[in-house]
Structures are given as C-alpha cells and as structure tokens.
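Enquirer: Just so it is clear, I am handing over work.csv, which has CSV, C-alpha atoms.
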```csv
chain,number,residue,atom,x,y,z
N,1,MET,CA,-31.7,-34.9,-59.5
N,2,ALA,CA,-31.4,-31.5,-57.9
N,3,ASN,CA,-34.1,-30.6,-55.4
N,4,VAL,CA,-32.6,-27.5,-53.8
N,5,ARG,CA,-31.9,-24.0,-55.2
N,6,ILE,CA,-29.9,-21.3,-53.5
N,7,ILE,CA,-29.8,-17.6,-54.2
N,8,TYR,CA,-26.7,-16.3,-52.4
N,9,ASP,CA,-26.1,-12.9,-54.2
N,10,ASP,CA,-29.3,-10.9,-54.0
N,11,ALA,CA,-29.5,-8.5,-57.0
N,12,ALA,CA,-32.6,-6.8,-55.6
N,13,GLY,CA,-30.4,-5.1,-53.0
N,14,ARG,CA,-28.6,-3.3,-55.9
N,15,ALA,CA,-31.9,-2.3,-57.7
N,16,THR,CA,-34.0,0.7,-57.7
N,17,ILE,CA,-37.5,-0.5,-56.9
N,18,THR,CA,-40.8,1.2,-57.6
N,19,ALA,CA,-44.4,0.3,-57.4
N,20,ASN,CA,-47.2,1.4,-59.7
N,21,ASN,CA,-49.4,2.1,-56.7
N,22,THR,CA,-48.9,2.7,-53.0
N,23,ALA,CA,-51.2,3.3,-50.1
N,24,ASN,CA,-50.8,6.4,-48.0
N,25,GLY,CA,-48.4,6.2,-45.1
N,26,SER,CA,-44.9,4.9,-44.6
N,27,LEU,CA,-45.3,1.5,-46.2
N,28,GLU,CA,-43.3,2.4,-49.3
N,29,ALA,CA,-41.5,0.5,-52.1
N,30,SER,CA,-38.1,1.3,-50.5
N,31,SER,CA,-38.9,-1.4,-47.9
N,32,LEU,CA,-38.6,-4.1,-50.5
N,33,ASN,CA,-34.8,-4.4,-50.3
N,34,THR,CA,-34.5,-4.3,-46.5
N,35,ASN,CA,-34.2,-7.4,-44.3
N,36,THR,CA,-36.9,-6.3,-41.8
N,37,LYS,CA,-40.1,-8.3,-41.9
N,38,SER,CA,-42.0,-5.5,-40.1
N,39,LEU,CA,-41.2,-3.1,-43.0
N,40,ALA,CA,-43.3,-3.6,-46.1
N,41,HIS,CA,-44.8,-2.0,-49.2
N,42,ARG,CA,-48.5,-1.7,-49.2
N,43,SER,CA,-50.6,-1.3,-52.4
N,44,ASN,CA,-53.8,0.7,-52.5
N,45,SER,CA,-55.6,-2.1,-54.3
N,46,THR,CA,-55.7,-5.9,-54.8
N,47,SER,CA,-53.0,-5.8,-57.6
N,48,VAL,CA,-49.6,-4.2,-57.8
N,49,THR,CA,-46.6,-4.2,-60.2
N,50,TYR,CA,-43.1,-3.8,-58.9
N,51,THR,CA,-40.4,-2.6,-61.3
N,52,LEU,CA,-36.7,-3.3,-60.5
N,53,THR,CA,-34.1,-1.5,-62.6
N,54,TRP,CA,-30.3,-1.7,-62.6
N,55,ALA,CA,-27.5,0.5,-63.8
N,56,SER,CA,-25.7,-2.5,-65.2
N,57,ASP,CA,-26.5,-6.0,-66.3
N,58,GLU,CA,-27.6,-8.6,-63.8
N,59,ILE,CA,-28.0,-12.3,-64.3
N,60,ILE,CA,-31.4,-13.5,-62.9
N,61,ASN,CA,-33.2,-16.8,-63.1
N,62,GLY,CA,-34.9,-16.9,-59.7
N,63,ILE,CA,-37.3,-14.6,-57.8
N,64,ILE,CA,-38.5,-15.1,-54.2
N,65,LEU,CA,-41.0,-13.2,-52.2
N,66,PRO,CA,-40.4,-14.5,-48.6
N,67,ALA,CA,-43.1,-12.5,-46.8
N,68,THR,CA,-46.4,-11.4,-48.3
N,69,ASN,CA,-50.1,-11.5,-47.4
N,70,LEU,CA,-51.1,-13.2,-50.7
N,71,SER,CA,-53.8,-15.9,-50.6
N,72,SER,CA,-54.1,-19.3,-52.2
N,73,ALA,CA,-56.0,-17.6,-55.0
N,74,SER,CA,-53.3,-15.0,-55.8
N,75,THR,CA,-51.2,-14.9,-58.9
N,76,ILE,CA,-47.8,-13.7,-60.0
N,77,ALA,CA,-46.4,-12.8,-63.4
N,78,VAL,CA,-42.8,-11.8,-64.2
N,79,VAL,CA,-41.3,-10.0,-67.2
N,80,ALA,CA,-37.6,-9.5,-67.6
N,81,LYS,CA,-36.1,-7.0,-70.1
N,82,ASN,CA,-32.5,-6.4,-71.2
N,83,SER,CA,-32.9,-2.6,-71.3
N,84,ILE,CA,-35.0,-0.1,-69.4
N,85,GLY,CA,-38.1,1.2,-71.1
N,86,THR,CA,-38.2,-1.3,-73.9
N,87,SER,CA,-41.1,-3.6,-74.9
N,88,ILE,CA,-38.7,-6.4,-75.9
N,89,TYR,CA,-38.3,-8.9,-73.1
N,90,THR,CA,-35.8,-11.7,-72.4
N,91,HIS,CA,-38.2,-13.7,-70.3
N,92,ASN,CA,-41.9,-13.6,-69.9
N,93,SER,CA,-43.7,-16.0,-67.5
N,94,GLY,CA,-46.8,-15.6,-69.6
N,95,THR,CA,-50.1,-16.4,-68.1
N,96,PRO,CA,-50.0,-15.5,-64.4
N,97,VAL,CA,-49.4,-18.5,-62.2
N,98,ASN,CA,-50.5,-19.4,-58.7
N,99,ALA,CA,-48.3,-17.3,-56.4
N,100,CYS,CA,-48.4,-19.5,-53.3
N,101,ILE,CA,-50.2,-22.8,-53.8
N,102,ASN,CA,-49.0,-24.2,-50.5
N,103,THR,CA,-49.8,-21.1,-48.4
N,104,THR,CA,-51.1,-21.5,-44.9
N,105,LEU,CA,-52.2,-17.9,-44.5
N,106,ASP,CA,-55.8,-18.7,-45.5
N,107,SER,CA,-56.3,-20.4,-42.1
N,108,TYR,CA,-54.2,-17.9,-40.1
N,109,PRO,CA,-56.5,-16.8,-37.3
N,110,SER,CA,-55.4,-13.2,-37.0
N,111,ILE,CA,-55.1,-10.1,-39.2
N,112,LYS,CA,-53.5,-10.9,-42.6
N,113,ASN,CA,-51.0,-8.1,-43.2
N,114,VAL,CA,-47.5,-6.9,-42.3
N,115,ASN,CA,-48.3,-6.9,-38.6
N,116,SER,CA,-48.5,-10.7,-38.7
N,117,PHE,CA,-45.3,-11.2,-40.6
N,118,PRO,CA,-43.0,-11.3,-37.5
N,119,TYR,CA,-45.2,-13.9,-35.9
N,120,GLY,CA,-45.3,-16.4,-38.8
N,121,GLY,CA,-48.4,-15.1,-40.4
N,122,LEU,CA,-47.2,-14.8,-44.0
N,123,SER,CA,-47.1,-16.4,-47.4
N,124,LYS,CA,-44.1,-17.2,-49.5
N,125,THR,CA,-43.7,-17.6,-53.2
N,126,ALA,CA,-41.0,-18.2,-55.8
N,127,ILE,CA,-40.8,-18.3,-59.6
N,128,TRP,CA,-37.9,-19.7,-61.6
N,129,PHE,CA,-36.6,-19.4,-65.1
N,130,THR,CA,-35.5,-22.9,-65.7
N,131,SER,CA,-33.8,-22.1,-69.0
N,132,THR,CA,-30.5,-20.3,-69.4
N,133,PRO,CA,-30.1,-17.5,-66.8
N,134,THR,CA,-31.3,-14.2,-68.2
N,135,THR,CA,-29.3,-11.0,-68.4
N,136,VAL,CA,-31.6,-8.2,-67.4
N,137,ARG,CA,-31.7,-4.5,-66.7
N,138,SER,CA,-35.4,-4.3,-65.8
N,139,LEU,CA,-37.7,-6.8,-64.0
N,140,GLU,CA,-41.5,-6.4,-63.6
N,141,ILE,CA,-43.3,-8.5,-61.0
N,142,THR,CA,-47.1,-8.3,-61.0
N,143,LEU,CA,-49.1,-9.6,-58.1
N,144,ASN,CA,-52.9,-10.0,-58.1
N,145,ARG,CA,-55.0,-11.0,-55.1
N,146,GLY,CA,-57.6,-12.8,-57.2
N,147,THR,CA,-60.9,-13.8,-55.6
N,148,ASN,CA,-60.4,-14.0,-51.9
N,149,PRO,CA,-60.9,-17.5,-50.4
N,150,SER,CA,-63.2,-17.9,-47.4
N,151,ALA,CA,-61.1,-16.9,-44.4
N,152,SER,CA,-61.6,-15.5,-40.9
N,153,PRO,CA,-60.6,-12.8,-40.5
N,154,ALA,CA,-61.0,-11.9,-44.2
N,155,TYR,CA,-58.1,-10.8,-46.4
N,156,PRO,CA,-57.7,-7.0,-46.6
N,157,SER,CA,-58.2,-5.1,-49.8
N,158,TYR,CA,-54.5,-4.5,-50.3
N,159,ILE,CA,-51.2,-6.4,-50.8
N,160,ASP,CA,-48.4,-6.2,-48.3
N,161,CYS,CA,-44.9,-7.4,-49.4
N,162,SER,CA,-41.9,-7.0,-47.2
N,163,ARG,CA,-39.0,-8.2,-49.4
N,164,ILE,CA,-38.0,-9.1,-53.0
N,165,ILE,CA,-35.1,-11.5,-53.5
N,166,CYS,CA,-33.8,-12.2,-57.0
N,167,GLY,CA,-30.6,-13.4,-58.7
N,168,LYS,CA,-28.9,-16.3,-60.2
N,169,TYR,CA,-29.6,-19.5,-58.3
N,170,TRP,CA,-27.2,-22.4,-57.7
N,171,GLU,CA,-28.3,-26.0,-57.6
N,172,PRO,CA,-26.2,-29.1,-57.1
N,173,ASN,CA,-26.2,-32.1,-59.4
N,174,ILE,CA,-27.5,-34.2,-56.6
N,175,GLY,CA,-30.0,-32.6,-54.2
N,176,VAL,CA,-30.4,-32.8,-50.4
N,177,SER,CA,-31.1,-36.1,-48.7
N,178,LYS,CA,-34.6,-36.7,-47.5
N,179,ASP,CA,-33.1,-37.9,-44.2
N,180,GLY,CA,-33.2,-35.1,-41.7
N,181,LEU,CA,-35.4,-32.8,-43.9
N,182,GLU,CA,-37.8,-31.0,-41.7
N,183,VAL,CA,-39.4,-27.6,-41.1
N,184,THR,CA,-39.7,-26.6,-37.5
N,185,ILE,CA,-41.2,-23.5,-35.8
N,186,SER,CA,-38.9,-21.3,-33.7
N,187,ASP,CA,-40.4,-18.9,-31.1
N,188,THR,CA,-38.1,-16.4,-29.5
N,189,THR,CA,-40.6,-15.5,-26.8
N,190,GLN,CA,-39.1,-15.4,-23.3
N,191,THR,CA,-41.3,-16.5,-20.3
N,192,SER,CA,-40.8,-16.4,-16.6
N,193,ARG,CA,-42.8,-17.3,-13.5
N,194,SER,CA,-42.9,-15.3,-10.3
N,195,ASP,CA,-42.7,-16.8,-6.8
N,196,ALA,CA,-46.5,-16.4,-6.6
N,197,GLY,CA,-46.9,-18.5,-9.7
N,198,ASP,CA,-47.8,-15.7,-12.2
N,199,LEU,CA,-46.6,-16.2,-15.7
N,200,TYR,CA,-44.9,-13.3,-17.6
N,201,SER,CA,-44.2,-13.4,-21.3
N,202,ASP,CA,-42.0,-11.1,-23.3
N,203,ARG,CA,-43.3,-11.8,-26.8
N,204,GLY,CA,-40.7,-12.5,-29.5
N,205,ASN,CA,-40.7,-13.3,-33.1
N,206,ILE,CA,-41.8,-16.6,-34.7
N,207,TYR,CA,-40.2,-18.0,-37.8
N,208,ASP,CA,-39.8,-21.2,-39.7
N,209,GLN,CA,-36.5,-23.1,-39.5
N,210,LEU,CA,-35.5,-25.4,-42.3
N,211,ASN,CA,-33.2,-28.3,-41.5
N,212,PHE,CA,-31.7,-30.4,-44.4
N,213,ASN,CA,-28.8,-32.8,-45.0
N,214,LEU,CA,-26.2,-32.2,-47.8
N,215,ALA,CA,-24.2,-35.3,-47.1
N,216,ILE,CA,-24.9,-36.8,-50.5
N,217,LEU,CA,-23.4,-33.9,-52.5
N,218,ASP,CA,-20.7,-35.0,-54.9
N,219,LYS,CA,-17.1,-33.6,-54.6
N,220,ALA,CA,-17.6,-30.8,-57.2
N,221,ASP,CA,-20.8,-29.6,-55.6
N,222,ARG,CA,-19.4,-29.8,-52.1
N,223,GLU,CA,-16.5,-27.6,-53.1
N,224,GLU,CA,-18.8,-25.1,-54.8
N,225,LEU,CA,-21.0,-24.9,-51.7
N,226,ILE,CA,-17.9,-24.2,-49.6
N,227,LYS,CA,-17.1,-21.3,-51.9
N,228,ILE,CA,-20.6,-20.0,-51.5
N,229,MET,CA,-20.6,-20.2,-47.7
N,230,LYS,CA,-17.2,-18.5,-47.5
N,231,TYR,CA,-18.7,-15.7,-49.7
N,232,VAL,CA,-21.8,-15.4,-47.6
N,233,GLY,CA,-20.2,-15.7,-44.3
N,234,SER,CA,-22.4,-15.1,-41.2
N,235,TYR,CA,-23.5,-11.6,-42.2
N,236,ARG,CA,-25.2,-12.2,-45.5
N,237,ASN,CA,-28.6,-13.8,-46.0
N,238,ILE,CA,-29.2,-16.6,-48.5
N,239,ALA,CA,-32.5,-17.9,-49.9
N,240,VAL,CA,-33.0,-21.6,-50.0
N,241,SER,CA,-35.8,-23.5,-51.7
N,242,ILE,CA,-36.2,-27.2,-51.3
N,243,PHE,CA,-38.1,-29.1,-54.0
N,244,PRO,CA,-38.8,-26.0,-56.1
```
How does the structure come out when it is put into structure tokens?
Expert:
Amino acid sequence: MANVRIIYDDAAGRATITANNTANGSLEASSLNTNTKSLAHRSNSTSVTYTLTWASDEIINGIILPATNLSSASTIAVVAKNSIGTSIYTHNSGTPVNACINTTLDSYPSIKNVNSFPYGGLSKTAIWFTSTPTTVRSLEITLNRGTNPSASPAYPSYIDCSRIICGKYWEPNIGVSKDGLEVTISDTTQTSRSDAGDLYSDRGNIYDQLNFNLAILDKADREELIKIMKYVGSYRNIAVSIFP
C-alpha cells in the first residue's frame, strides 16, 4: 500500500496566478510561484480565492500549500476546469474540507503571518484527486479562515500564503518503510561565545526535515524513482507527502 506521494514537476510555476482580493502593499499574488518563504500573498479578508490559468493543458491531481497562516478551523475547496472561463469543471472537491487538521500554528507563541514562516511558524495543507489525474487549464483554490480558535497571540484578519504547488503526483506500489521515518527540526542559527563568556547569535531559518526509508520499493518503482531524481537533480524542489 502506497503511503507517499511526490510532486516533482510543479505546474504552478508555469501558471498565471491571480487572487480575488489583495491587501495593500507588496504582498501580491506573484509571490505564489516563488521559492521564498518570506514572500507571500496577503488577502484583505479572512477568505481568498486563487485562480491559476495555463496556456496549454496540464495534468493535475495534487495541490500543496506548504506555508500559510491557516488555523485548525480553516477550510479549502478546489475546482478544476478544462477551459478558461467555463462553468463546467473536471474536478470539484465539493464541500470545503479542513485545510490543516494537524496544524501546530494554533499554539505558535508569536505573530501568525508571513514573518513567522522562515522560523517554522506556518501551517501546511494538501488536497488530492485520488481518481484519474485531471487535465486542466484553470484551477480555483478557495481558502476560508473560519472561526478562529483560541490562540495567543490571536490570528490576524487576513490570510498569508507563500507558495502554491500543484501537478501530477507519483506514488509507488509499496510505500516507505516505517523504520527511520521521522521529522526533525533544523535550525541554521550560528552562535559563538567571546572570551568573556558573552553569547552571540546570528539568527538563521528554522525548518522541518523529513527523513524516510525507501528500501522496500520494488524494482519498477525504484527505477522510476531514479528517473525522477535524475530529472529533479539538485536544483529543483520536490514536494513529498507521507501518509497523505
């Protein structure tokens, strides 16, 4: 049974992305296909719809938002269409679903917006089309804050989202081994101490590091994974979801 999904060819990077509302300032929708966490789109309310359009067909069955300030009460809904401007869709997630059921941002003790993203203060969400991959020309992603849970500090009255990833996911016939599966926290802060004993810190970024074991892949999946890694190389990003 597969328990891992990988998006290695991000279609969002080829899309034109717009938002139905934007707060004043430089936090614009153009930030949504960059790889910089400190750049984000900011809505001017507690709901926002992002529309991605393509000049040619894209195959999509997975969408990931790796850095948002959504809460455990927030929802996501997705509509995929095979032509721009039509009301006929190829996929509709229907009733909005919980956007980040396992979020830890509710208890994050600092400000809950893009300023916290580089330091691990963020929520992640993913939505999958588990049927046949959908050929699309337009994708609408609607986020809604919902009723804010009790949190200190409180959630702001806007949504920050720094990245949209979407595309066709690959999953092996047999998933990753549970042996060696762990999430660790990496902190790039550099510290030093003077001869007088004073501690100096050069604050760096904090991020999650996912470790997993692919030793149980069968021959066909191992060969496919090798092809993917050769395509990705060391300069492309991939999105990995374990137990989606």
Enquirer: As an MDAnalysis selection string, please: the residues near Ile174 of chain N (cut-off 12 Å, only C-alpha atoms, same-chain neighbours under 3 positions excluded).
Expert: chainID N and resid 1:5 170:171 177:178 213:222
Enquirer: For Ser45 of chain N, which residue among N:Thr134, N:Ser74, N:Ser157, N:Gln190 is the nearest when counting all atoms listed in the file?
Expert: N:Ser157
Enquirer: For each of N:Thr90, N:Ser110, N:Thr68, N:Gln209, take the minimum atom-to-atom distance to Ala151 of chain N, counting only C-alpha atoms, then give the residue where this is smallest.
Expert: N:Ser110
Enquirer: Would you be able to write out as a PDB file with C-alpha atoms, in the frame of the given file which residues have an atom within 7 Å of (-58.7, -18.2, -42.0) in the file's coordinates, counting all atoms listed in the file?
Expert:
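part39.pdb, written as the output of this step:
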```pdb
ATOM      1  CA  LEU N 105     -52.200 -17.900 -44.500  1.00  0.00           C
ATOM      2  CA  ASP N 106     -55.800 -18.700 -45.500  1.00  0.00           C
ATOM      3  CA  SER N 107     -56.300 -20.400 -42.100  1.00  0.00           C
ATOM      4  CA  TYR N 108     -54.200 -17.900 -40.100  1.00  0.00           C
ATOM      5  CA  PRO N 109     -56.500 -16.800 -37.300  1.00  0.00           C
ATOM      6  CA  ALA N 151     -61.100 -16.900 -44.400  1.00  0.00           C
ATOM      7  CA  SER N 152     -61.600 -15.500 -40.900  1.00  0.00           C
ATOM      8  CA  PRO N 153     -60.600 -12.800 -40.500  1.00  0.00           C
TER       9      PRO N 153
END
```
Enquirer: Distance atom CA of Asn69 of chain N-atom CA of Arg236 of chain N, one decimal place?
Expert: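 Distance between the two atoms: 25.0 Å.
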Enquirer: List the neighbours of Ala29 of chain N out to 6 Å using all atoms listed in the file; skip same-chain residues closer than 2 positions along the sequence, and give me the result as a list in words.
Expert: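 Contacts, in chain order: Thr18, Ser31, Leu32 and His41 of chain N.
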Enquirer: When distances are computed from only C-alpha atoms, which of N:Asp160, N:Asp57, N:Ile111, N:Ile63 shows the smallest separation from Thr22 of chain N?
Expert: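 Closest to Thr22 of chain N of all the choices is N:Asp160.
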Enquirer: Ranking N:Ala154, N:Val176, N:Val114, N:Ile206 by minimum distance to Ile6 of chain N and counting all atoms listed in the file, which one comes first?
Expert: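 That would be N:Val176, the residue with the smallest distance to Ile6 of chain N.
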Enquirer: So that I can check the surroundings of Ile59 of chain N, please list as a PDB file with C-alpha atoms, keeping the file's coordinate frame every protein, DNA and RNA residue that reaches within 9 Å of it, counting only C-alpha atoms and ignoring chain neighbours fewer than 5 positions away.
Expert:
```pdb
ATOM      1  CA  ALA N  11     -29.500  -8.500 -57.000  1.00  0.00           C
ATOM      2  CA  PRO N 133     -30.100 -17.500 -66.800  1.00  0.00           C
ATOM      3  CA  THR N 134     -31.300 -14.200 -68.200  1.00  0.00           C
ATOM      4  CA  THR N 135     -29.300 -11.000 -68.400  1.00  0.00           C
ATOM      5  CA  VAL N 136     -31.600  -8.200 -67.400  1.00  0.00           C
ATOM      6  CA  ARG N 137     -31.700  -4.500 -66.700  1.00  0.00           C
ATOM      7  CA  GLY N 167     -30.600 -13.400 -58.700  1.00  0.00           C
ATOM      8  CA  LYS N 168     -28.900 -16.300 -60.200  1.00  0.00           C
TER       9      LYS N 168
END
```
Enquirer: Atom CA of Ser123 of chain N and atom CA of Ser71 of chain N are how many Å apart?
Expert: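 Here the two named atoms are 7.4 Å from each other.
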Enquirer: Could you jot down the atom CA of Ala77 of chain N to atom CA of Asn61 of chain N separation for me, Å, one decimal place?
Expert: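 A separation of 13.8 Å between them.
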Enquirer: Find the residue from N:Thr125, N:Thr184, N:Ser150, N:Ser138 that sits nearest to Trp54 of chain N; use all atoms listed in the file when measuring.
Expert: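 Ranked by minimum distance to Trp54 of chain N, first place goes to N:Ser138.
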Enquirer: So which residues touch Thr75 of chain N within 9 Å, counting only C-alpha atoms, skipping near sequence neighbours fewer than 2 positions away, as a ChimeraX atom specification?
Expert: /N:70-73,77,96-100,142-146
Enquirer: Of the residues N:Gly204, N:Pro172, N:Pro156, N:Gly62, which is the one nearest to Leu139 of chain N, using all atoms listed in the file?
Expert: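 The shortest atom-to-atom distance to Leu139 of chain N comes from N:Gly62.
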Enquirer: Might you pull out every residue within 9 Å of segment 228-232 of chain N, with only C-alpha atoms counted and same-chain residues fewer than 6 positions away left off, and present them as a PDB file with C-alpha atoms, in the coordinates of the input?
Expert:
```pdb
ATOM      1  CA  TYR N   8     -26.700 -16.300 -52.400  1.00  0.00           C
ATOM      2  CA  ASP N   9     -26.100 -12.900 -54.200  1.00  0.00           C
ATOM      3  CA  ILE N 238     -29.200 -16.600 -48.500  1.00  0.00           C
TER       4      ILE N 238
END
```
Enquirer: Any chance you could build segment 124-155 of chain N out to N, CA and C atoms and write it as a PDB file, in the coordinates of the input?
Expert:
```pdb
ATOM      1  N   LYS N 124     -45.360 -17.280 -48.777  1.00  0.00           N
ATOM      2  CA  LYS N 124     -44.100 -17.200 -49.500  1.00  0.00           C
ATOM      3  C   LYS N 124     -44.340 -17.698 -50.940  1.00  0.00           C
ATOM      4  N   THR N 125     -43.581 -17.130 -51.849  1.00  0.00           N
ATOM      5  CA  THR N 125     -43.700 -17.600 -53.200  1.00  0.00           C
ATOM      6  C   THR N 125     -42.373 -17.458 -53.942  1.00  0.00           C
ATOM      7  N   ALA N 126     -42.214 -18.247 -54.982  1.00  0.00           N
ATOM      8  CA  ALA N 126     -41.000 -18.200 -55.800  1.00  0.00           C
ATOM      9  C   ALA N 126     -41.348 -18.530 -57.230  1.00  0.00           C
ATOM     10  N   ILE N 127     -40.596 -17.945 -58.150  1.00  0.00           N
ATOM     11  CA  ILE N 127     -40.800 -18.300 -59.600  1.00  0.00           C
ATOM     12  C   ILE N 127     -39.375 -18.392 -60.165  1.00  0.00           C
ATOM     13  N   TRP N 128     -39.212 -19.390 -61.032  1.00  0.00           N
ATOM     14  CA  TRP N 128     -37.900 -19.700 -61.600  1.00  0.00           C
ATOM     15  C   TRP N 128     -37.900 -19.722 -63.073  1.00  0.00           C
ATOM     16  N   PHE N 129     -36.802 -19.221 -63.656  1.00  0.00           N
ATOM     17  CA  PHE N 129     -36.600 -19.400 -65.100  1.00  0.00           C
ATOM     18  C   PHE N 129     -35.683 -20.607 -65.217  1.00  0.00           C
ATOM     19  N   THR N 130     -36.230 -21.712 -65.650  1.00  0.00           N
ATOM     20  CA  THR N 130     -35.500 -22.900 -65.700  1.00  0.00           C
ATOM     21  C   THR N 130     -34.587 -23.085 -66.914  1.00  0.00           C
ATOM     22  N   SER N 131     -34.699 -22.133 -67.823  1.00  0.00           N
ATOM     23  CA  SER N 131     -33.800 -22.100 -69.000  1.00  0.00           C
ATOM     24  C   SER N 131     -32.527 -21.405 -68.635  1.00  0.00           C
ATOM     25  N   THR N 132     -31.769 -20.984 -69.634  1.00  0.00           N
ATOM     26  CA  THR N 132     -30.500 -20.300 -69.400  1.00  0.00           C
ATOM     27  C   THR N 132     -30.768 -19.016 -68.582  1.00  0.00           C
ATOM     28  N   PRO N 133     -29.943 -18.737 -67.559  1.00  0.00           N
ATOM     29  CA  PRO N 133     -30.100 -17.500 -66.800  1.00  0.00           C
ATOM     30  C   PRO N 133     -30.191 -16.276 -67.688  1.00  0.00           C
ATOM     31  N   THR N 134     -31.044 -15.344 -67.321  1.00  0.00           N
ATOM     32  CA  THR N 134     -31.300 -14.200 -68.200  1.00  0.00           C
ATOM     33  C   THR N 134     -30.579 -12.959 -67.706  1.00  0.00           C
ATOM     34  N   THR N 135     -29.924 -12.286 -68.654  1.00  0.00           N
ATOM     35  CA  THR N 135     -29.300 -11.000 -68.400  1.00  0.00           C
ATOM     36  C   THR N 135     -30.323  -9.911 -68.472  1.00  0.00           C
ATOM     37  N   VAL N 136     -30.521  -9.176 -67.388  1.00  0.00           N
ATOM     38  CA  VAL N 136     -31.600  -8.200 -67.400  1.00  0.00           C
ATOM     39  C   VAL N 136     -31.107  -6.848 -66.861  1.00  0.00           C
ATOM     40  N   ARG N 137     -31.864  -5.820 -67.238  1.00  0.00           N
ATOM     41  CA  ARG N 137     -31.700  -4.500 -66.700  1.00  0.00           C
ATOM     42  C   ARG N 137     -32.988  -4.008 -66.026  1.00  0.00           C
ATOM     43  N   SER N 138     -34.071  -4.725 -66.313  1.00  0.00           N
ATOM     44  CA  SER N 138     -35.400  -4.300 -65.800  1.00  0.00           C
ATOM     45  C   SER N 138     -36.201  -5.596 -65.503  1.00  0.00           C
ATOM     46  N   LEU N 139     -36.892  -5.609 -64.374  1.00  0.00           N
ATOM     47  CA  LEU N 139     -37.700  -6.800 -64.000  1.00  0.00           C
ATOM     48  C   LEU N 139     -39.043  -6.256 -63.480  1.00  0.00           C
ATOM     49  N   GLU N 140     -40.132  -6.791 -64.040  1.00  0.00           N
ATOM     50  CA  GLU N 140     -41.500  -6.400 -63.600  1.00  0.00           C
ATOM     51  C   GLU N 140     -42.161  -7.600 -62.965  1.00  0.00           C
ATOM     52  N   ILE N 141     -42.631  -7.406 -61.757  1.00  0.00           N
ATOM     53  CA  ILE N 141     -43.300  -8.500 -61.000  1.00  0.00           C
ATOM     54  C   ILE N 141     -44.724  -7.987 -60.703  1.00  0.00           C
ATOM     55  N   THR N 142     -45.713  -8.688 -61.226  1.00  0.00           N
ATOM     56  CA  THR N 142     -47.100  -8.300 -61.000  1.00  0.00           C
ATOM     57  C   THR N 142     -47.808  -9.300 -60.125  1.00  0.00           C
ATOM     58  N   LEU N 143     -48.379  -8.796 -59.045  1.00  0.00           N
ATOM     59  CA  LEU N 143     -49.100  -9.600 -58.100  1.00  0.00           C
ATOM     60  C   LEU N 143     -50.601  -9.238 -58.176  1.00  0.00           C
ATOM     61  N   ASN N 144     -51.453 -10.246 -58.100  1.00  0.00           N
ATOM     62  CA  ASN N 144     -52.900 -10.000 -58.100  1.00  0.00           C
ATOM     63  C   ASN N 144     -53.545 -10.867 -57.056  1.00  0.00           C
ATOM     64  N   ARG N 145     -54.343 -10.232 -56.230  1.00  0.00           N
ATOM     65  CA  ARG N 145     -55.000 -11.000 -55.100  1.00  0.00           C
ATOM     66  C   ARG N 145     -55.907 -12.052 -55.620  1.00  0.00           C
ATOM     67  N   GLY N 146     -56.637 -11.797 -56.700  1.00  0.00           N
ATOM     68  CA  GLY N 146     -57.600 -12.800 -57.200  1.00  0.00           C
ATOM     69  C   GLY N 146     -58.852 -12.744 -56.259  1.00  0.00           C
ATOM     70  N   THR N 147     -59.693 -13.732 -56.426  1.00  0.00           N
ATOM     71  CA  THR N 147     -60.900 -13.800 -55.600  1.00  0.00           C
ATOM     72  C   THR N 147     -60.491 -14.383 -54.227  1.00  0.00           C
ATOM     73  N   ASN N 148     -60.773 -13.630 -53.197  1.00  0.00           N
ATOM     74  CA  ASN N 148     -60.400 -14.000 -51.900  1.00  0.00           C
ATOM     75  C   ASN N 148     -61.070 -15.337 -51.453  1.00  0.00           C
ATOM     76  N   PRO N 149     -60.310 -16.306 -50.948  1.00  0.00           N
ATOM     77  CA  PRO N 149     -60.900 -17.500 -50.400  1.00  0.00           C
ATOM     78  C   PRO N 149     -61.653 -17.178 -49.101  1.00  0.00           C
ATOM     79  N   SER N 150     -62.532 -18.057 -48.699  1.00  0.00           N
ATOM     80  CA  SER N 150     -63.200 -17.900 -47.400  1.00  0.00           C
ATOM     81  C   SER N 150     -62.173 -17.946 -46.303  1.00  0.00           C
ATOM     82  N   ALA N 151     -62.088 -16.919 -45.503  1.00  0.00           N
ATOM     83  CA  ALA N 151     -61.100 -16.900 -44.400  1.00  0.00           C
ATOM     84  C   ALA N 151     -61.643 -16.009 -43.305  1.00  0.00           C
ATOM     85  N   SER N 152     -61.235 -16.315 -42.094  1.00  0.00           N
ATOM     86  CA  SER N 152     -61.600 -15.500 -40.900  1.00  0.00           C
ATOM     87  C   SER N 152     -60.417 -15.279 -40.053  1.00  0.00           C
ATOM     88  N   PRO N 153     -60.009 -14.008 -39.893  1.00  0.00           N
ATOM     89  CA  PRO N 153     -60.600 -12.800 -40.500  1.00  0.00           C
ATOM     90  C   PRO N 153     -60.326 -12.802 -42.030  1.00  0.00           C
ATOM     91  N   ALA N 154     -61.082 -11.976 -42.729  1.00  0.00           N
ATOM     92  CA  ALA N 154     -61.000 -11.900 -44.200  1.00  0.00           C
ATOM     93  C   ALA N 154     -59.658 -11.226 -44.591  1.00  0.00           C
ATOM     94  N   TYR N 155     -59.252 -11.486 -45.828  1.00  0.00           N
ATOM     95  CA  TYR N 155     -58.100 -10.800 -46.400  1.00  0.00           C
ATOM     96  C   TYR N 155     -58.413  -9.318 -46.583  1.00  0.00           C
TER      97      TYR N 155
END
```
